[in-house]
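> Contents of final_19.cif (mmCIF, C-alpha atoms) are given next:
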data_structure
#
loop_
_atom_site.label_atom_id
_atom_site.label_comp_id
_atom_site.auth_asym_id
_atom_site.auth_seq_id
_atom_site.Cartn_x
_atom_site.Cartn_y
_atom_site.Cartn_z
CA MET Y 1351 50.55 6.32 62.94
CA PRO Y 1352 50.19 5.66 59.15
CA SER Y 1353 51.65 2.46 57.80
CA PRO Y 1354 54.76 2.67 55.66
CA ARG Y 1355 54.37 2.37 51.88
CA ARG Y 1356 54.83 -1.13 50.54
CA ASN Y 1357 56.29 -2.42 47.29
CA ALA Y 1358 55.02 -5.25 45.06
CA ASP Y 1359 56.38 -7.94 47.52
CA ALA Y 1360 54.31 -6.44 50.40
CA ARG Y 1361 57.43 -5.47 52.27
CA PRO Y 1362 57.98 -2.05 53.83
CA LEU Y 1363 59.82 0.26 51.44
CA ALA Y 1364 62.13 1.52 54.17
CA ALA Y 1365 63.21 -2.05 55.05
CA ALA Y 1366 63.81 -2.85 51.42
CA ALA Y 1367 65.90 0.29 50.99
CA SER Y 1368 67.99 -0.43 54.09
CA SER Y 1369 68.58 -4.04 53.12
CA SER Y 1370 69.62 -3.12 49.61
CA SER Y 1371 71.94 -0.36 50.85
CA SER Y 1372 73.60 -2.71 53.29
CA SER Y 1373 74.03 -5.48 50.74
CA SER Y 1374 75.50 -3.28 48.02
CA PRO Y 1375 77.58 -0.46 49.39
CA GLY Y 1376 78.44 0.78 45.88
CA SER Y 1377 74.85 1.15 44.78
CA PRO Y 1378 73.64 4.52 43.53
CA GLY Y 1379 71.40 5.06 46.52
CA SER Y 1380 73.99 4.33 49.22
CA PRO Y 1381 75.66 7.13 51.18
CA ALA Y 1382 79.07 5.78 50.21
CA ARG Y 1383 78.49 6.92 46.61
CA GLY Y 1384 77.42 10.35 47.71
CA GLY Y 1385 73.89 10.03 46.39
CA GLY Y 1386 72.77 13.30 47.93
CA GLY Y 1387 72.04 11.98 51.44
CA GLY Y 1388 70.00 9.07 52.76
CA GLY Y 1389 66.65 10.73 52.22
CA GLY Y 1390 67.24 11.70 48.60
CA GLY Y 1391 68.85 8.36 47.61
CA GLY Y 1392 66.07 6.42 49.31
CA GLY Y 1393 63.43 8.43 47.47
CA ARG Y 1394 65.01 7.79 44.10
CA PHE Y 1395 65.41 4.09 44.87
CA GLU Y 1396 61.84 3.95 46.08
CA PHE Y 1397 60.60 5.48 42.77
CA GLN Y 1398 62.73 3.08 40.71
CA SER Y 1399 61.52 0.08 42.69
CA LEU Y 1400 57.92 1.13 42.15
CA LEU Y 1401 58.40 1.40 38.38
CA GLY Y 1402 60.35 -1.84 38.20
CA SER Y 1403 57.88 -3.83 40.28
CA ARG Y 1404 55.04 -3.27 37.76
CA ALA Y 1405 55.08 -5.55 34.75
CA PRO Y 1406 54.11 -4.03 31.39
CA GLY Y 1407 50.91 -6.06 31.23
CA ALA Y 1408 49.97 -5.96 34.89
CA ASP Y 1409 48.46 -2.48 35.02
CA PRO Y 1410 45.89 -1.42 32.37
CA ALA Y 1411 47.16 2.16 32.61
CA CYS Y 1412 50.65 1.06 31.63
CA ALA Y 1413 49.31 -1.20 28.90
CA ARG Y 1414 47.60 1.73 27.24
CA LEU Y 1415 50.89 3.62 27.07
CA ARG Y 1416 52.83 0.95 25.23
CA ALA Y 1417 54.64 2.06 22.09
CA PRO Y 1418 52.57 0.12 19.50
CA GLU Y 1419 49.37 1.71 20.88
CA SER Y 1420 50.71 5.18 21.56
CA PRO Y 1421 49.04 8.13 19.82
CA VAL Y 1422 51.99 8.47 17.46
CA HIS Y 1423 51.55 4.93 16.12
CA ARG Y 1424 47.80 4.99 15.98
CA ARG Y 1425 46.07 4.71 12.68
CA GLY Y 1426 45.62 8.01 10.90
CA SER Y 1427 48.09 10.00 13.11
CA PHE Y 1428 50.95 12.05 11.76
CA PRO Y 1429 54.25 10.17 11.55
CA LEU Y 1430 57.28 11.34 13.42
CA ALA Y 1431 59.90 13.33 11.59
CA GLY Y 1432 62.55 10.74 12.33
CA ALA Y 1433 60.45 7.67 11.60
CA GLY Y 1434 62.27 4.93 9.79
CA PRO Y 1435 61.41 3.41 6.41
CA SER Y 1436 59.58 0.55 8.10
CA GLN Y 1437 56.41 2.65 8.24
CA ALA Y 1438 54.44 1.87 5.05
CA PRO Y 1439 52.21 4.62 3.55
CA ALA Y 1440 48.46 4.19 3.62
CA ALA Y 1441 47.04 2.24 0.68
CA ALA Y 1442 45.16 4.30 -1.91
CA LEU Y 1443 41.42 3.73 -2.33
CA PRO Y 1444 40.26 1.92 -5.47
CA GLU Y 1445 38.70 3.94 -8.24
CA GLU Y 1446 35.22 2.55 -7.66
CA GLY Y 1447 35.37 3.52 -3.98
CA ARG Y 1448 36.04 7.19 -4.64
CA MET Y 1449 33.33 9.83 -4.83
CA ASP Y 1450 32.90 11.57 -8.14
CA LEU Y 1451 32.97 15.22 -7.11
CA ASN Y 1452 32.88 16.55 -10.67
CA PRO Y 1453 30.14 14.73 -12.64
CA SER Y 1454 29.64 15.63 -16.26
CA PHE Y 1455 26.89 17.94 -17.43
CA LEU Y 1456 25.40 15.18 -19.59
CA GLY Y 1457 25.13 12.83 -16.59
CA ILE Y 1458 23.40 15.48 -14.49
CA ALA Y 1459 20.97 16.24 -17.33
CA LEU Y 1460 20.10 12.57 -17.87
CA ARG Y 1461 19.51 11.97 -14.17
CA SER Y 1462 17.29 15.04 -13.97
CA LEU Y 1463 15.25 13.94 -16.99
CA LEU Y 1464 14.88 10.46 -15.53
CA ALA Y 1465 13.63 11.86 -12.22
CA ILE Y 1466 11.12 14.10 -14.03
CA ASP Y 1467 9.99 11.16 -16.17
CA LEU Y 1468 9.33 8.94 -13.13
CA TRP Y 1469 7.54 11.72 -11.25
CA LEU Y 1470 5.33 12.69 -14.21
CA SER Y 1471 4.50 9.06 -15.04
CA LYS Y 1472 3.36 8.43 -11.48
CA LYS Y 1473 1.22 11.57 -11.50
CA LEU Y 1474 -0.45 10.61 -14.80
CA GLY Y 1475 -1.11 6.99 -13.75
CA VAL Y 1476 -4.65 7.82 -12.66
CA CYS Y 1477 -6.05 4.46 -13.85
CA ALA Y 1478 -3.28 2.24 -12.49
CA GLY Y 1479 -5.64 0.57 -10.01
CA GLU Y 1480 -9.27 0.32 -9.06
CA ARG Y 1481 -8.67 2.64 -6.11
CA SER Y 1482 -6.95 5.29 -8.22
CA SER Y 1483 -8.53 8.68 -8.81
CA TRP Y 1484 -9.84 7.56 -12.22
CA GLY Y 1485 -10.19 3.90 -11.36
CA SER Y 1486 -13.71 3.76 -12.82
CA ALA Y 1487 -12.28 4.45 -16.31
CA ARG Y 1488 -9.90 1.50 -16.12
CA PRO Y 1489 -12.13 -0.92 -18.16
CA LEU Y 1490 -12.28 1.63 -21.01
CA MET Y 1491 -8.49 2.00 -20.93
CA LYS Y 1492 -8.13 -1.77 -21.13
CA LEU Y 1493 -10.35 -1.84 -24.23
CA LEU Y 1494 -7.99 0.67 -25.82
CA GLU Y 1495 -5.14 -1.60 -24.79
CA ILE Y 1496 -6.68 -4.49 -26.72
CA SER Y 1497 -7.26 -2.27 -29.76
CA GLY Y 1498 -3.52 -1.62 -29.99
CA HIS Y 1499 -2.34 -5.14 -29.19
CA GLY Y 1500 -0.28 -6.99 -31.77
CA ILE Y 1501 -2.21 -10.28 -31.84
CA PRO Y 1502 -5.58 -8.79 -32.99
CA TRP Y 1503 -3.81 -6.81 -35.69
CA LEU Y 1504 -1.85 -9.84 -36.93
CA LEU Y 1505 -4.90 -12.11 -36.99
CA GLY Y 1506 -7.05 -9.46 -38.65
CA THR Y 1507 -4.45 -8.76 -41.34
CA LEU Y 1508 -4.03 -12.46 -42.13
CA TYR Y 1509 -7.78 -12.95 -42.38
CA CYS Y 1510 -8.22 -9.99 -44.74
CA LEU Y 1511 -5.25 -11.14 -46.79
CA LEU Y 1512 -6.74 -14.58 -47.29
CA ARG Y 1513 -10.16 -13.15 -48.18
CA SER Y 1514 -8.88 -10.49 -50.55
CA ASP Y 1515 -9.60 -10.85 -54.29
CA SER Y 1516 -7.72 -7.87 -55.74
CA TRP Y 1517 -4.02 -7.64 -56.40
CA ALA Y 1518 -3.82 -4.12 -55.03
CA GLY Y 1519 -5.47 -5.18 -51.78
CA ARG Y 1520 -3.16 -8.16 -51.44
CA GLU Y 1521 -0.13 -5.97 -51.98
CA VAL Y 1522 -1.18 -3.49 -49.30
CA LEU Y 1523 -2.13 -6.19 -46.81
CA THR Y 1524 1.11 -8.09 -47.44
CA ASN Y 1525 3.14 -5.00 -46.61
CA LEU Y 1526 0.98 -4.32 -43.57
CA LEU Y 1527 1.74 -7.85 -42.35
CA PHE Y 1528 5.43 -7.24 -43.00
CA ALA Y 1529 5.25 -3.97 -41.03
CA LEU Y 1530 3.58 -5.66 -38.04
CA LEU Y 1531 6.17 -8.44 -37.96
CA LEU Y 1532 8.99 -5.90 -38.22
CA ASP Y 1533 7.45 -3.95 -35.35
CA LEU Y 1534 7.27 -7.01 -33.10
CA LEU Y 1535 10.87 -7.92 -33.88
CA LEU Y 1536 12.35 -4.46 -33.28
CA VAL Y 1537 10.38 -3.81 -30.10
CA ALA Y 1538 11.34 -7.18 -28.62
CA LEU Y 1539 14.99 -6.59 -29.54
CA ILE Y 1540 15.14 -3.14 -27.93
CA LYS Y 1541 13.30 -4.31 -24.82
CA GLY Y 1542 15.74 -7.18 -24.41
CA LEU Y 1543 18.71 -4.82 -24.75
CA VAL Y 1544 17.49 -1.97 -22.53
CA ARG Y 1545 15.62 -4.07 -19.94
CA ARG Y 1546 13.88 -1.20 -18.24
CA ARG Y 1547 11.39 -2.39 -15.66
CA ARG Y 1548 7.78 -1.32 -15.79
CA PRO Y 1549 6.61 1.32 -13.30
CA ALA Y 1550 6.21 0.20 -9.72
CA HIS Y 1551 2.50 1.14 -9.66
CA ASN Y 1552 1.69 -1.11 -12.64
CA GLN Y 1553 -0.56 -4.16 -12.27
CA MET Y 1554 0.51 -7.11 -14.45
CA ASP Y 1555 -2.98 -7.89 -15.79
CA MET Y 1556 -2.30 -7.19 -19.45
CA PHE Y 1557 -4.10 -8.86 -22.34
CA VAL Y 1558 -1.57 -11.41 -23.66
CA THR Y 1559 2.06 -11.12 -22.61
CA LEU Y 1560 5.30 -12.68 -23.73
CA SER Y 1561 8.63 -12.99 -21.96
CA VAL Y 1562 9.86 -9.54 -23.05
CA ASP Y 1563 6.63 -7.84 -21.99
CA LYS Y 1564 7.92 -7.53 -18.45
CA TYR Y 1565 10.15 -4.74 -19.75
CA SER Y 1566 8.89 -1.24 -20.40
CA PHE Y 1567 11.07 0.55 -22.95
CA PRO Y 1568 9.75 1.17 -25.58
CA SER Y 1569 5.97 0.92 -25.60
CA GLY Y 1570 4.89 -1.64 -28.21
CA HIS Y 1571 1.37 -0.22 -28.31
CA ALA Y 1572 2.71 3.25 -29.08
CA THR Y 1573 4.98 2.00 -31.88
CA ARG Y 1574 2.15 -0.07 -33.38
CA ALA Y 1575 -0.34 2.78 -33.15
CA ALA Y 1576 2.03 5.22 -34.88
CA LEU Y 1577 2.96 2.64 -37.55
CA VAL Y 1578 -0.60 1.55 -38.34
CA SER Y 1579 -2.01 5.08 -38.35
CA ARG Y 1580 0.65 6.30 -40.77
CA PHE Y 1581 0.16 3.23 -42.93
CA ILE Y 1582 -3.61 3.77 -43.11
CA LEU Y 1583 -3.31 7.48 -43.85
CA ASN Y 1584 -0.93 6.81 -46.76
CA HIS Y 1585 -2.67 3.85 -48.40
CA LEU Y 1586 -6.38 4.28 -47.71
CA VAL Y 1587 -8.62 6.97 -49.10
CA LEU Y 1588 -10.53 8.33 -46.11
CA ALA Y 1589 -12.57 11.41 -45.42
CA ILE Y 1590 -11.09 14.11 -43.23
CA PRO Y 1591 -13.16 13.19 -40.11
CA LEU Y 1592 -11.99 9.59 -40.38
CA ARG Y 1593 -8.38 10.67 -40.79
CA VAL Y 1594 -8.71 12.78 -37.64
CA LEU Y 1595 -10.16 9.81 -35.78
CA VAL Y 1596 -7.22 7.62 -36.84
CA VAL Y 1597 -4.72 10.17 -35.50
CA LEU Y 1598 -6.70 10.59 -32.26
CA TRP Y 1599 -6.87 6.82 -31.81
CA ALA Y 1600 -3.07 6.58 -32.05
CA PHE Y 1601 -2.48 9.32 -29.46
CA ILE Y 1602 -5.17 8.01 -27.08
CA VAL Y 1603 -3.72 4.49 -27.22
CA GLY Y 1604 -0.28 5.85 -26.36
CA PHE Y 1605 -1.58 8.07 -23.57
CA SER Y 1606 -3.64 5.24 -22.11
CA ARG Y 1607 -0.43 3.30 -21.52
CA VAL Y 1608 0.71 5.97 -19.08
CA MET Y 1609 -2.73 6.27 -17.46
CA LEU Y 1610 -2.85 2.51 -16.85
CA GLY Y 1611 0.63 2.62 -15.34
CA ARG Y 1612 2.03 0.26 -17.97
CA HIS Y 1613 4.73 2.62 -19.23
CA ASN Y 1614 6.57 5.80 -18.42
CA VAL Y 1615 6.21 8.93 -20.53
CA THR Y 1616 9.57 8.42 -22.27
CA ASP Y 1617 8.59 4.85 -23.24
CA VAL Y 1618 5.54 6.14 -25.10
CA ALA Y 1619 7.39 9.09 -26.66
CA PHE Y 1620 10.14 6.86 -28.03
CA GLY Y 1621 7.50 4.37 -29.16
CA PHE Y 1622 5.81 7.02 -31.30
CA PHE Y 1623 9.15 7.97 -32.84
CA LEU Y 1624 10.07 4.34 -33.51
CA GLY Y 1625 6.72 3.55 -35.09
CA TYR Y 1626 6.94 6.61 -37.35
CA ALA Y 1627 10.43 5.52 -38.44
CA GLN Y 1628 9.34 1.94 -39.03
CA TYR Y 1629 6.91 3.01 -41.72
CA SER Y 1630 9.79 4.68 -43.55
CA ILE Y 1631 11.62 1.32 -43.52
CA VAL Y 1632 8.53 -0.49 -44.82
CA ASP Y 1633 8.01 2.11 -47.52
CA TYR Y 1634 11.64 1.78 -48.61
CA CYS Y 1635 11.42 -2.04 -48.70
CA TRP Y 1636 7.94 -2.12 -50.22
CA LEU Y 1637 6.98 -5.62 -51.38
CA SER Y 1638 5.39 -5.76 -54.85
CA PRO Y 1639 5.08 -8.29 -57.68
CA HIS Y 1640 8.18 -6.69 -59.23
CA ASN Y 1641 10.64 -7.18 -56.35
CA ALA Y 1642 8.97 -10.13 -54.54
CA ARG Y 1643 7.74 -12.36 -57.35
CA VAL Y 1644 8.10 -15.58 -55.39
CA LEU Y 1645 5.82 -14.29 -52.69
CA PHE Y 1646 3.09 -13.18 -55.04
CA LEU Y 1647 3.32 -16.30 -57.25
CA LEU Y 1648 1.66 -18.18 -54.40
CA TRP Y 1649 -1.60 -16.42 -55.22
CA ASN Y 1650 -1.45 -17.58 -58.86
CA GLN Y 1651 -1.24 -21.22 -57.79
CA GLN Y 1652 -4.47 -20.99 -55.81
#
Kindly present the structure from the file in structure tokens form.

Amino acid sequence: MPSPRRNADARPLAAAASSSSSSSPGSPGSPARGGGGGGGGGGRFEFQSLLGSRAPGADPACARLRAPESPVHRRGSFPLAGAGPSQAPAAALPEEGRMDLNPSFLGIALRSLLAIDLWLSKKLGVCAGERSSWGSARPLMKLLEISGHGIPWLLGTLYCLLRSDSWAGREVLTNLLFALLLDLLLVALIKGLVRRRRPAHNQMDMFVTLSVDKYSFPSGHATRAALVSRFILNHLVLAIPLRVLVVLWAFIVGFSRVMLGRHNVTDVAFGFFLGYAQYSIVDYCWLSPHNARVLFLLWNQQ
């Protein structure tokens, strides 16, 4: 015969129902109140005793159905229609945490150009290392790098200026020295402001570097090549083959910067533009015995 069902105190449910009905004749489950017969009242009392005997934290199933953790009160659920004002609305996301779903056309164009610039610069860096496809031509590219460096040009201009005997030669060399110093100043200033890193495939084995030479934009070799070539073409009388060689030297020096992996394509392109514009500044501020007498009086004292 199956055992009777037991409550939380391990007592038979039938005994508990009979004891409670005898102790309280006016209870809802007693026959005196007309609770629908002994069987129906005992069943209801049995169900109530089962629910009352379980504490809210005793059974994990009951704990999951508590009001604070019910699906209505869970995070992200829809609030009830009759919910009180105690429910605070969800906090709005900050502006920097939102996704920009409508970027401007200018931003898309600049990002596309930057991606093309990085891809093309990496493809053209064929002499970036000894194991590159054109790694055997790397020593020749480094010679071109020295030919466009600022220190050889500054030292060579100073030497020629000190050895010059004509006033016309001193005037031209003085302005060339001024142009080279202006180029170093402007390139260092722009590099310090932009601070664009050199390409990742570059090897830092350059000829002589300064603190700003770790930055890439713009290319100082390209600006110097464009400035010096325009200066020579305007102030030296050269035959046509020599003039063509000067222009080719400027473009080869600029292109070698990309082949060595020193600069990106846009660094060299802007460098050519900056060097071309620098000569216009030098030509506008041309130093001569008429507007820079103090500077040229030093030669009379020697």
> Tell me, in Å to one decimal, how far atom CA of Ser1566 of chain Y is from atom CA of Leu1624 of chain Y.
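Separation between atom CA of Ser1566 of chain Y and atom CA of Leu1624 of chain Y: 14.3 Å.
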> So which one's closest to Ala1538 of chain Y, Y:Ser1569, Y:Asn1552, Y:Asn1525, Y:Ser1471? Using all atoms listed in the file, please.
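Closest candidate: Y:Ser1569.
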> Run the PyMOL selection byres ((chain Y and resi 1612-1614) around 8) against the file shown and list the residues it catches, as a PDB file with C-alpha atoms, keeping the file's coordinate frame.

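After the write, part-v2.pdb holds the following:
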ATOM      1  CA  ASP Y1467       9.990  11.160 -16.170  1.00  0.00           C
ATOM      2  CA  LEU Y1468       9.330   8.940 -13.130  1.00  0.00           C
ATOM      3  CA  SER Y1471       4.500   9.060 -15.040  1.00  0.00           C
ATOM      4  CA  ALA Y1478      -3.280   2.240 -12.490  1.00  0.00           C
ATOM      5  CA  ARG Y1548       7.780  -1.320 -15.790  1.00  0.00           C
ATOM      6  CA  PRO Y1549       6.610   1.320 -13.300  1.00  0.00           C
ATOM      7  CA  ASN Y1552       1.690  -1.110 -12.640  1.00  0.00           C
ATOM      8  CA  GLN Y1553      -0.560  -4.160 -12.270  1.00  0.00           C
ATOM      9  CA  SER Y1566       8.890  -1.240 -20.400  1.00  0.00           C
ATOM     10  CA  PHE Y1567      11.070   0.550 -22.950  1.00  0.00           C
ATOM     11  CA  SER Y1569       5.970   0.920 -25.600  1.00  0.00           C
ATOM     12  CA  ARG Y1607      -0.430   3.300 -21.520  1.00  0.00           C
ATOM     13  CA  VAL Y1608       0.710   5.970 -19.080  1.00  0.00           C
ATOM     14  CA  MET Y1609      -2.730   6.270 -17.460  1.00  0.00           C
ATOM     15  CA  LEU Y1610      -2.850   2.510 -16.850  1.00  0.00           C
ATOM     16  CA  GLY Y1611       0.630   2.620 -15.340  1.00  0.00           C
ATOM     17  CA  VAL Y1615       6.210   8.930 -20.530  1.00  0.00           C
ATOM     18  CA  THR Y1616       9.570   8.420 -22.270  1.00  0.00           C
ATOM     19  CA  ASP Y1617       8.590   4.850 -23.240  1.00  0.00           C
ATOM     20  CA  VAL Y1618       5.540   6.140 -25.100  1.00  0.00           C
TER      21      VAL Y1618
END
> Between Y:Phe1605, Y:Asp1633, Y:Arg1643, Y:Ala1589, which has the minimum distance to Ala1619 of chain Y (counting all atoms listed in the file)?
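That would be Y:Phe1605, the residue with the smallest distance to Ala1619 of chain Y.
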> Given the file shown, enumerate the residues that the PyMOL selection byres ((chain Y and resi 1524) around 9) captures and present them as a list in words.
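When the PyMOL selection byres ((chain Y and resi 1524) around 9) is applied, the selected residues are Thr1507, Leu1508, Leu1511, Gly1519, Arg1520, Glu1521, Val1522, Leu1523, Asn1525, Leu1526, Leu1527, Phe1528, Ala1529, Leu1637 and Ser1638 of chain Y.
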> Between Y:Ile1540, Y:Leu1530, Y:Ile1458, Y:Cys1635, which has the minimum distance to Leu1505 of chain Y (counting all atoms listed in the file)?
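Among the listed residues, Y:Leu1530 lies closest to Leu1505 of chain Y.
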> Which polymer residues have any atom within 7 Å of an atom of Cys1477 of chain Y, counting only C-alpha atoms, with same-chain residues fewer than 4 positions away left out, as a ChimeraX atom specification?
/Y:1482,1484-1485,1487-1488,1609-1610
> Could you list, as a VMD selection string, every residue within 9 Å of Leu1532 of chain Y, counting only C-alpha atoms and ignoring same-chain residues fewer than 5 positions away?
chain Y and resid 1527 1537 1628 1632
> Report, in Å to a single decimal, how far apart atom CA of Ser1606 of chain Y and atom CA of Ser1462 of chain Y are.
24.5 Å
